[in-house]
Every structure is written in structure tokens, then in C-alpha cells.
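K.L.:
Structure in C-alpha cells, see below.
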Amino acid sequence: MHYLGVDVGSVSTNIVILDNKMNVIEKIYLRTKGSPIKAVQDGLKILKDKYDGIKIGGAGTTGSGRHIAATLIGADAVKNEITTHAVAALEIDKDVRTIIEIGGQDSKIIILRNGVVSDFGMNTVCAAGTGSFIDRQAERLDIPIEEFGDYALKSNTAVRIAGRCAVFAESDMIHKQQLGYNKSDIIRGLCDALVRNYLNNIGKGKEIIPKVFFQGGVAANKGIKVAFENALGFEIFVPEHYNVMGSIGAAIIGKEVAEKNGKTNFRGLDLAENKFISTSFECKGCSNLCEVVTINENNSDIGCFGDRCGKWSNKITI
């Protein structure tokens, strides 16, 4: 038996398949590109072509697009990123006490005590320090994103960069370039600034103690990892599947729910061939004025979400 996890974010859609021992046997990274339905379908098509006939015993979704993904695939569990990242980390190492997670558009800190989430913090307002911002700076400096962290490690002198705001950080980097500083020193200064910003904002008031896991796409950046270690004074660990930990956690939770219910709601990998349309309307039933989203599959409504009271979402069942 195998288990499916889907993490639909604003930048990327990550899909994993786990075996019955919770080992990752497949992981897929796709750019969401503003079309979460297409991204999920593209992922399922890749899986169908490679694993046609595979038995999926449970499925879970997470990320900002978790509800739409759950409706599409028939998820057994729909959980937020805090929960799924924590579950995945604890599955790997029960001694994890802190999770630093930096993705494409947001950053998180998760505090674990006695195997449960005791506190967390998120930054969803400013993009400074996130993957999309670092991608932008790598492109501007004409450096492959895969080499961005290596440049920071070559530096002997960190240049002070303003990291509190994405706009100010970029302006400060340009100013330092104009003063003649080399790329390595500027990039190291940026890494230090982004870590300083993270600890002073998202990590403010949080007790960050080892063992610390660094998760999310930005964990691939060696310069950021070293900057965290220098700031905190101890080693942080990047798990093998750092960039799909949310998907792994979703698959684990999906497995648990499916086993508890004695069956899975997963609708199969053939969904890649179906036609899905997403529409929305504003419900005027009360002062909340919820934006309700309806998913239509082959001219039939299969799911509805976005209403706080359940007036619409409870009407449609697959």
C-alpha cells in the first residue's frame, strides 16, 4: 500500500508517494504558476504514467491551495502547513524541537515540545527572505540559484545589508554594488540580513533550541544555513527531503485518517484526464459575505469551499 501527499503553494506544487514504512519513493516538484488545478493534474499524470495501477491507501493535502486540491483528488485529510511540517519532521527524528521553514512566499517557525506543536509564527506579509525574493536577486546578479549559497561561503567580509524589507534590501544591494563590493560579500551580507530579519520578526519571543530542522526550498541555500548557525551558535539540520516536508506530513496524516475510517476517499490517478473548472461567488446570506468557490468536473459540481458556516460546502458530496 502507498500513500499520497499534495502540497499546493503559491509558488510550487509538491507531490509525494510514500510506501507503508513512510519512505519517500517518489517526489514531484512543479511550478504552480497561478493554476493550482493544472499543477495538481500535471502531477497526477506524471504519477499515472510512471506508477499505473499503484494502490493508494490514503491521501492528504496541505498548503494555501489545500482545499481545492482536496476536492480534486478526494483527500482523506486536509491540514495546514504548520501541522504537516511538524508531523513530517517528527516522523524523521523525535528529538526535533524547532523547525525553521522558508518557502517561496512565506516563512514559518514551529516550536515542538514533547512531540506536539506548542507555538508557531508566520510571516505572510513581506516577501523579504523568501524563495521568490532570493530567486529575484540571483537573477539580477546573473547567478544560477543553485550557486547562490556557494557565493556566500566564499566571502571573507560580510557587507551590512538592510534586510527588513524586500524593497530596501534590493536597493541596499544595488548601492553596495555601486560602491564596488564583490558579489560574494554582498550575497553573504544578504544572507546574514535575511536571517537577522527572520529571528527578529518571526522568531521574536520564541525559544529556539536544538535540535533544529531547516525545511522548505530555501534550505537548499548553504549561505542561509550557515548564517542561521552563526546567529544561533549551534548546528541546524537539513533533512533529505527538505523541500517536500509538507507533502510528506500530509501523506502521513492521510494514511492515519484512512486507516481510522477503514477506507480512502482518494479518487484515483485518472483525474489527470478530467476537465475541472473553478468558479466563485459572494454569498450574501449573512454579514460575513464569504467568497465561495465551486469546483466543477465534467459539467458536474463536485466540491465547494470558502464558506464559514458550511451552508454551501455541506450541500455537495462526491
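Lettering and numbering for the C-alpha cells are positional, with chains as A, B, ... in the shown order, residues counted from 1 in each chain, and ligands counted from 1 in the shown order.
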List the spatial neighbours of segment 262-273 of chain A as JSON, numbers by chain - criterion: any atom at most 7 Å away, only C-alpha atoms, same-chain residues fewer than 2 positions off excluded.

P.N.:
{"A": [41, 42, 44, 45, 48, 57, 58, 59, 73, 74, 75, 76, 258, 259, 260, 275]}

K.L.:
Those residues you just picked out, can you put them in a file as a CSV table (one decimal), in the first residue's frame with N, CA and C atoms?

P.N.:
```csv
chain,number,residue,atom,x,y,z
A,41,GLN,N,-3.1,18.3,-11.6
A,41,GLN,CA,-3.4,17.3,-12.7
A,41,GLN,C,-2.1,16.9,-13.4
A,42,ASP,N,-1.2,17.9,-13.6
A,42,ASP,CA,0.0,17.5,-14.2
A,42,ASP,C,0.8,16.6,-13.4
A,44,LEU,N,-0.4,14.4,-11.2
A,44,LEU,CA,-1.1,13.1,-11.2
A,44,LEU,C,-0.8,12.4,-12.5
A,45,LYS,N,-0.7,13.1,-13.6
A,45,LYS,CA,-0.4,12.5,-14.9
A,45,LYS,C,1.0,11.9,-14.9
A,48,LYS,N,0.7,8.7,-12.9
A,48,LYS,CA,0.0,7.7,-13.6
A,48,LYS,C,0.8,7.0,-14.7
A,57,GLY,N,-3.6,4.0,-0.6
A,57,GLY,CA,-4.4,3.7,0.6
A,57,GLY,C,-4.9,4.9,1.4
A,58,GLY,N,-4.4,6.1,1.1
A,58,GLY,CA,-4.7,7.3,1.8
A,58,GLY,C,-4.1,8.5,1.1
A,59,ALA,N,-4.7,9.6,1.2
A,59,ALA,CA,-4.2,10.8,0.6
A,59,ALA,C,-4.5,12.0,1.5
A,73,ILE,N,-8.8,15.6,-5.6
A,73,ILE,CA,-8.3,14.2,-5.5
A,73,ILE,C,-9.1,13.4,-4.6
A,74,GLY,N,-9.9,14.0,-3.8
A,74,GLY,CA,-10.7,13.2,-2.8
A,74,GLY,C,-9.8,12.9,-1.6
A,75,ALA,N,-9.3,13.9,-0.9
A,75,ALA,CA,-8.3,13.7,0.2
A,75,ALA,C,-9.0,13.2,1.4
A,76,ASP,N,-8.3,12.4,2.1
A,76,ASP,CA,-8.8,11.9,3.4
A,76,ASP,C,-8.5,12.9,4.6
A,258,ALA,N,-7.4,7.6,6.8
A,258,ALA,CA,-7.9,6.5,6.0
A,258,ALA,C,-8.0,5.2,6.8
A,259,GLU,N,-7.0,4.9,7.5
A,259,GLU,CA,-6.9,3.6,8.3
A,259,GLU,C,-8.0,3.7,9.4
A,260,LYS,N,-8.2,4.9,10.0
A,260,LYS,CA,-9.2,5.0,11.1
A,260,LYS,C,-10.6,4.8,10.5
A,275,LYS,N,-11.8,17.3,-16.9
A,275,LYS,CA,-11.8,18.8,-17.1
A,275,LYS,C,-12.4,19.4,-15.9
```

K.L.:
Considering only C-alpha atoms, tabulate each residue of segment 78-159 of chain A that lies at most 10 Å from segment 184-200 of chain A along with its nearest interatomic pair and the corresponding distance in Å to one decimal; arrange the rows by chain and ascending residue number and present them as a Markdown table.

P.N.:
```
| residue | atom | partner | partner_atom | distance |
| --- | --- | --- | --- | --- |
| A:Ile100 | CA | A:Tyr198 | CA | 9.5 |
| A:Ile102 | CA | A:Tyr198 | CA | 9.5 |
| A:Ser107 | CA | A:Tyr198 | CA | 8.1 |
| A:Lys108 | CA | A:Tyr198 | CA | 8.9 |
| A:Ile109 | CA | A:Tyr198 | CA | 9.1 |
| A:Met122 | CA | A:Tyr198 | CA | 9.9 |
| A:Asn123 | CA | A:Tyr198 | CA | 8.8 |
| A:Ala128 | CA | A:Leu194 | CA | 7.0 |
| A:Gly129 | CA | A:Leu194 | CA | 5.1 |
| A:Thr130 | CA | A:Leu194 | CA | 8.7 |
| A:Ile134 | CA | A:Leu190 | CA | 9.3 |
| A:Gln137 | CA | A:Ile187 | CA | 9.0 |
| A:Ala138 | CA | A:Ile187 | CA | 9.1 |
| A:Leu141 | CA | A:Ile187 | CA | 9.6 |
| A:Phe148 | CA | A:Ile187 | CA | 7.6 |
| A:Gly149 | CA | A:Ile187 | CA | 7.9 |
| A:Asp150 | CA | A:Ser184 | CA | 8.5 |
| A:Tyr151 | CA | A:Ser184 | CA | 4.8 |
| A:Ala152 | CA | A:Arg188 | CA | 4.2 |
| A:Leu153 | CA | A:Arg188 | CA | 7.1 |
| A:Lys154 | CA | A:Ser184 | CA | 6.2 |
| A:Ser155 | CA | A:Asp185 | CA | 5.0 |
| A:Asn156 | CA | A:Asp185 | CA | 7.0 |
| A:Thr157 | CA | A:Asp185 | CA | 5.8 |
| A:Ala158 | CA | A:Gly189 | CA | 4.7 |
| A:Val159 | CA | A:Gly189 | CA | 4.6 |
```

K.L.:
Nearest residue to His241 of chain A out of A:Met1, A:Ala220, A:Ile277, A:Leu30, using only C-alpha atoms?

P.N.:
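Among A:Met1, A:Ala220, A:Ile277, A:Leu30, it is A:Ala220 that comes nearest to His241 of chain A.
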
K.L.:
Can you tell me, as a PyMOL selection string, which residues in segment 10-190 of chain A count as strand (DSSP E or B) by DSSP?

P.N.:
chain A and resi 12-18+24-31+56-62+77-78+98-102+107-113+116-123

K.L.:
I need the residue nearest Thr279 of chain A from this list: A:Arg136, A:Ile68, A:Ala88, A:Ile54. Use only C-alpha atoms for the distance.

P.N.:
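Result for the nearest residue to Thr279 of chain A: A:Ile68.
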
K.L.:
Can you tell me how far atom CA of Val244 of chain A sits from atom CA of Ala231 of chain A, in Å to one decimal?

P.N.:
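Pair atom CA of Val244 of chain A / atom CA of Ala231 of chain A returns 25.6 Å.
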
K.L.:
When you draw a straight line from atom CA of Asn298 of chain A to atom CA of Trp312 of chain A, how long is it in Å?

P.N.:
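Separation between atom CA of Asn298 of chain A and atom CA of Trp312 of chain A: 19.8 Å.
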
K.L.:
So how far away is atom CA of Thr62 of chain A from atom CA of Lys79 of chain A, in Å?

P.N.:
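Here the two named atoms are 5.2 Å from each other.
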
K.L.:
Can you list, as a list in words, every protein, DNA or RNA residue that comes within 8 Å of Arg66 of chain A when you count only C-alpha atoms, leaving out same-chain residues fewer than 5 positions away?

P.N.:
Val6, Asp7, Val8, Thr61, Val78, Lys79 and Asn80 of chain A

K.L.:
Can you spit out the residues from that selection as a PDB file, in the first residue's frame, using N, CA, C and O atoms?

P.N.:
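The resulting out-v9.pdb:
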```pdb
ATOM      1  N   VAL A   6      -0.065  15.911  -1.108  1.00  0.00           N
ATOM      2  CA  VAL A   6      -0.049  17.019  -2.069  1.00  0.00           C
ATOM      3  C   VAL A   6       0.039  18.338  -1.312  1.00  0.00           C
ATOM      4  O   VAL A   6      -0.778  18.616  -0.433  1.00  0.00           O
ATOM      5  N   ASP A   7       1.036  19.152  -1.652  1.00  0.00           N
ATOM      6  CA  ASP A   7       1.236  20.462  -1.036  1.00  0.00           C
ATOM      7  C   ASP A   7       1.154  21.511  -2.140  1.00  0.00           C
ATOM      8  O   ASP A   7       2.049  21.626  -2.971  1.00  0.00           O
ATOM      9  N   VAL A   8       0.056  22.254  -2.159  1.00  0.00           N
ATOM     10  CA  VAL A   8      -0.155  23.269  -3.195  1.00  0.00           C
ATOM     11  C   VAL A   8       0.134  24.645  -2.610  1.00  0.00           C
ATOM     12  O   VAL A   8      -0.627  25.144  -1.774  1.00  0.00           O
ATOM     13  N   THR A  61      -3.786  16.590   1.833  1.00  0.00           N
ATOM     14  CA  THR A  61      -3.368  17.814   1.162  1.00  0.00           C
ATOM     15  C   THR A  61      -3.010  18.887   2.195  1.00  0.00           C
ATOM     16  O   THR A  61      -3.502  18.872   3.322  1.00  0.00           O
ATOM     17  N   VAL A  78      -7.157  17.150   5.280  1.00  0.00           N
ATOM     18  CA  VAL A  78      -6.786  18.476   4.804  1.00  0.00           C
ATOM     19  C   VAL A  78      -6.220  19.228   6.003  1.00  0.00           C
ATOM     20  O   VAL A  78      -6.942  19.543   6.942  1.00  0.00           O
ATOM     21  N   LYS A  79      -4.906  19.490   5.990  1.00  0.00           N
ATOM     22  CA  LYS A  79      -4.261  20.096   7.150  1.00  0.00           C
ATOM     23  C   LYS A  79      -3.409  21.305   6.758  1.00  0.00           C
ATOM     24  O   LYS A  79      -2.879  21.369   5.649  1.00  0.00           O
ATOM     25  N   ASN A  80      -3.244  22.230   7.695  1.00  0.00           N
ATOM     26  CA  ASN A  80      -2.404  23.397   7.432  1.00  0.00           C
ATOM     27  C   ASN A  80      -0.920  23.018   7.439  1.00  0.00           C
ATOM     28  O   ASN A  80      -0.543  21.933   7.887  1.00  0.00           O
TER      29      ASN A  80
END
```

K.L.:
Run DSSP on the backbone and tell me which residues of segment 113-180 of chain A come out as helix (DSSP H, G or I); list them as a PDB file with C-alpha atoms, in the first residue's frame.

P.N.:
```pdb
ATOM      1  CA  GLY A 131      12.472  31.876  -2.027  1.00  0.00           C
ATOM      2  CA  SER A 132      10.904  34.185  -4.582  1.00  0.00           C
ATOM      3  CA  PHE A 133      12.937  37.154  -3.287  1.00  0.00           C
ATOM      4  CA  ILE A 134      16.196  35.185  -3.358  1.00  0.00           C
ATOM      5  CA  ASP A 135      15.358  33.948  -6.878  1.00  0.00           C
ATOM      6  CA  ARG A 136      14.902  37.553  -7.943  1.00  0.00           C
ATOM      7  CA  GLN A 137      18.283  38.603  -6.501  1.00  0.00           C
ATOM      8  CA  ALA A 138      20.075  35.649  -8.087  1.00  0.00           C
ATOM      9  CA  GLU A 139      18.578  36.564 -11.450  1.00  0.00           C
ATOM     10  CA  ARG A 140      19.518  40.220 -11.024  1.00  0.00           C
ATOM     11  CA  ILE A 145      20.124  29.998  -7.950  1.00  0.00           C
ATOM     12  CA  GLU A 146      21.864  26.668  -7.252  1.00  0.00           C
ATOM     13  CA  GLU A 147      25.163  28.540  -6.760  1.00  0.00           C
ATOM     14  CA  PHE A 148      23.785  31.467  -4.734  1.00  0.00           C
ATOM     15  CA  GLY A 149      24.668  29.966  -1.351  1.00  0.00           C
ATOM     16  CA  ASP A 150      28.132  28.908  -2.517  1.00  0.00           C
ATOM     17  CA  TYR A 151      28.959  32.535  -3.302  1.00  0.00           C
ATOM     18  CA  ALA A 152      28.161  33.493   0.297  1.00  0.00           C
ATOM     19  CA  LEU A 153      30.562  30.835   1.613  1.00  0.00           C
ATOM     20  CA  ALA A 166      12.448  43.352   0.255  1.00  0.00           C
ATOM     21  CA  VAL A 167      12.476  46.715  -1.498  1.00  0.00           C
ATOM     22  CA  PHE A 168      15.063  48.239   0.873  1.00  0.00           C
ATOM     23  CA  ALA A 169      17.224  45.111   0.726  1.00  0.00           C
ATOM     24  CA  GLU A 170      17.388  45.207  -3.058  1.00  0.00           C
ATOM     25  CA  SER A 171      18.118  48.949  -3.047  1.00  0.00           C
ATOM     26  CA  ASP A 172      20.868  48.448  -0.481  1.00  0.00           C
ATOM     27  CA  MET A 173      22.417  45.636  -2.535  1.00  0.00           C
ATOM     28  CA  ILE A 174      22.470  47.850  -5.627  1.00  0.00           C
ATOM     29  CA  HIS A 175      24.070  50.652  -3.592  1.00  0.00           C
ATOM     30  CA  LYS A 176      26.786  48.283  -2.296  1.00  0.00           C
ATOM     31  CA  GLN A 177      27.468  47.089  -5.854  1.00  0.00           C
ATOM     32  CA  GLN A 178      27.906  50.688  -6.945  1.00  0.00           C
TER      33      GLN A 178
END
```

K.L.:
I'd like to know which of A:Ala219, A:Leu90, A:Ile37, A:Lys21 is closest to Thr71 of chain A, using only C-alpha atoms.

P.N.:
A:Ile37
